[in-house]
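A.B. asks: Okay, handing you the structure first.
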Amino acid sequence: MNFQDAIDRMPQKGLMCLIQEVLSADETSIRCRAKDHRTVEYPLRIAGELMTASLVELGAQAAAAHASLYGIGTHHAGMLLALQNVELRDADDNLSDGLLEASAERVHFDDAAARYRFAVHYGSSEVLSGEAMLMMQAVPP
């Protein structure tokens, strides 16, 4: 399977699919480039602004892309069950100049749920990190 297949099988579709490209992945981790967050239609913008806290969704999607590659292995539905240890760091208020990348590292995966550590980088700075518990199940394509 190639990386684009993994993105295409994620439950997020259309504008809500925030992952543009998988840059690297192995059995335990993934690193992704986000779609251009500077566009007006970027779905995480509120009144035109992109708040750092909203980028939790990008971290969760990196985890879902990894699960698509190395866990579930098919189209899947998912739900973010819990977040913990989320840390926001100083960043440009509107994140207007740099590119976003997200990474996720699998901590646990079984038939019912997955747990990942994630981080979002803006340029060379980590702006958000945390852990996410995801529930995922296979669905027909």
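Convention: chains lettered A, B, ... in structure tokens order; per-chain residue numbering from 1; ligands numbered from 1 as shown.
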Apply DSSP to the backbone of this structure and, from range 51-134 of chain A, keep only the residues in strand (DSSP E); write these as an NGL selection string.
C.D. replies: :A and (76-88 or 100-109 or 114-122 or 125-134)
A.B. asks: Could you give me the residues within chain A that DSSP places in helix (DSSP H, G or I), as a ChimeraX atom specification?
C.D. replies: /A:3-8,14-16,52-70
A.B. asks: Please dump the current selection as a JSON list (two decimals), in the first residue's frame; keep C-alpha atoms.
C.D. replies:
```
[["chain", "number", "residue", "atom", "x", "y", "z"],
["A", 3, "PHE", "CA", 0.86, 6.52, 1.57],
["A", 4, "GLN", "CA", -1.87, 8.14, -0.57],
["A", 5, "ASP", "CA", -4.02, 5.00, -0.18],
["A", 6, "ALA", "CA", -3.76, 5.39, 3.60],
["A", 7, "ILE", "CA", -4.95, 9.00, 3.43],
["A", 8, "ASP", "CA", -7.79, 8.08, 1.06],
["A", 14, "GLY", "CA", -13.07, 16.68, 1.53],
["A", 15, "LEU", "CA", -12.03, 19.83, 3.37],
["A", 16, "MET", "CA", -11.90, 17.95, 6.68],
["A", 52, "THR", "CA", -3.13, 26.50, 18.11],
["A", 53, "ALA", "CA", -5.56, 24.40, 20.21],
["A", 54, "SER", "CA", -7.52, 23.53, 17.05],
["A", 55, "LEU", "CA", -4.49, 21.68, 15.74],
["A", 56, "VAL", "CA", -5.31, 18.73, 18.00],
["A", 57, "GLU", "CA", -7.38, 17.54, 15.03],
["A", 58, "LEU", "CA", -4.27, 17.51, 12.86],
["A", 59, "GLY", "CA", -2.44, 15.36, 15.41],
["A", 60, "ALA", "CA", -5.40, 12.98, 15.58],
["A", 61, "GLN", "CA", -5.47, 12.71, 11.78],
["A", 62, "ALA", "CA", -1.77, 11.83, 11.72],
["A", 63, "ALA", "CA", -2.61, 9.01, 14.14],
["A", 64, "ALA", "CA", -5.53, 7.91, 11.93],
["A", 65, "ALA", "CA", -3.25, 7.87, 8.88],
["A", 66, "HIS", "CA", -0.80, 5.65, 10.78],
["A", 67, "ALA", "CA", -3.62, 3.31, 11.83],
["A", 68, "SER", "CA", -4.71, 3.12, 8.20],
["A", 69, "LEU", "CA", -1.21, 2.04, 7.20],
["A", 70, "TYR", "CA", -0.23, -0.25, 10.07]]
```
A.B. asks: Which neighbours of Asp90 in chain A fall inside 12 Å, counting only C-alpha atoms, when residues of the same chain fewer than 6 positions from it are skipped, and could you give them as a list in words?
C.D. replies: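 Listed by chain and then number, they are Met51, Thr52, Ala53, His121, Tyr122, Ser125, Glu126, Val127 and Leu128 of chain A.
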A.B. asks: Between A:Leu88, A:Leu18, A:Leu83, A:Met136, which residue has the minimum interatomic distance to Leu44 in chain A, considering only C-alpha atoms?
C.D. replies: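 Answer, going by the shortest atom-to-atom distance: A:Leu18.
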A.B. asks: Between CA of Gln12 in chain A and CA of Ala77 in chain A, what is the distance, to one decimal in Å?
C.D. replies: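 Interatomic distance here is 8.7 Å.
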A.B. asks: Would you please work out which residue, of A:Leu80, A:Val120, A:Ala102, A:Leu50, is nearest to Ala25 in chain A when using only C-alpha atoms?
C.D. replies: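 Closest to Ala25 in chain A of all the choices is A:Ala102.
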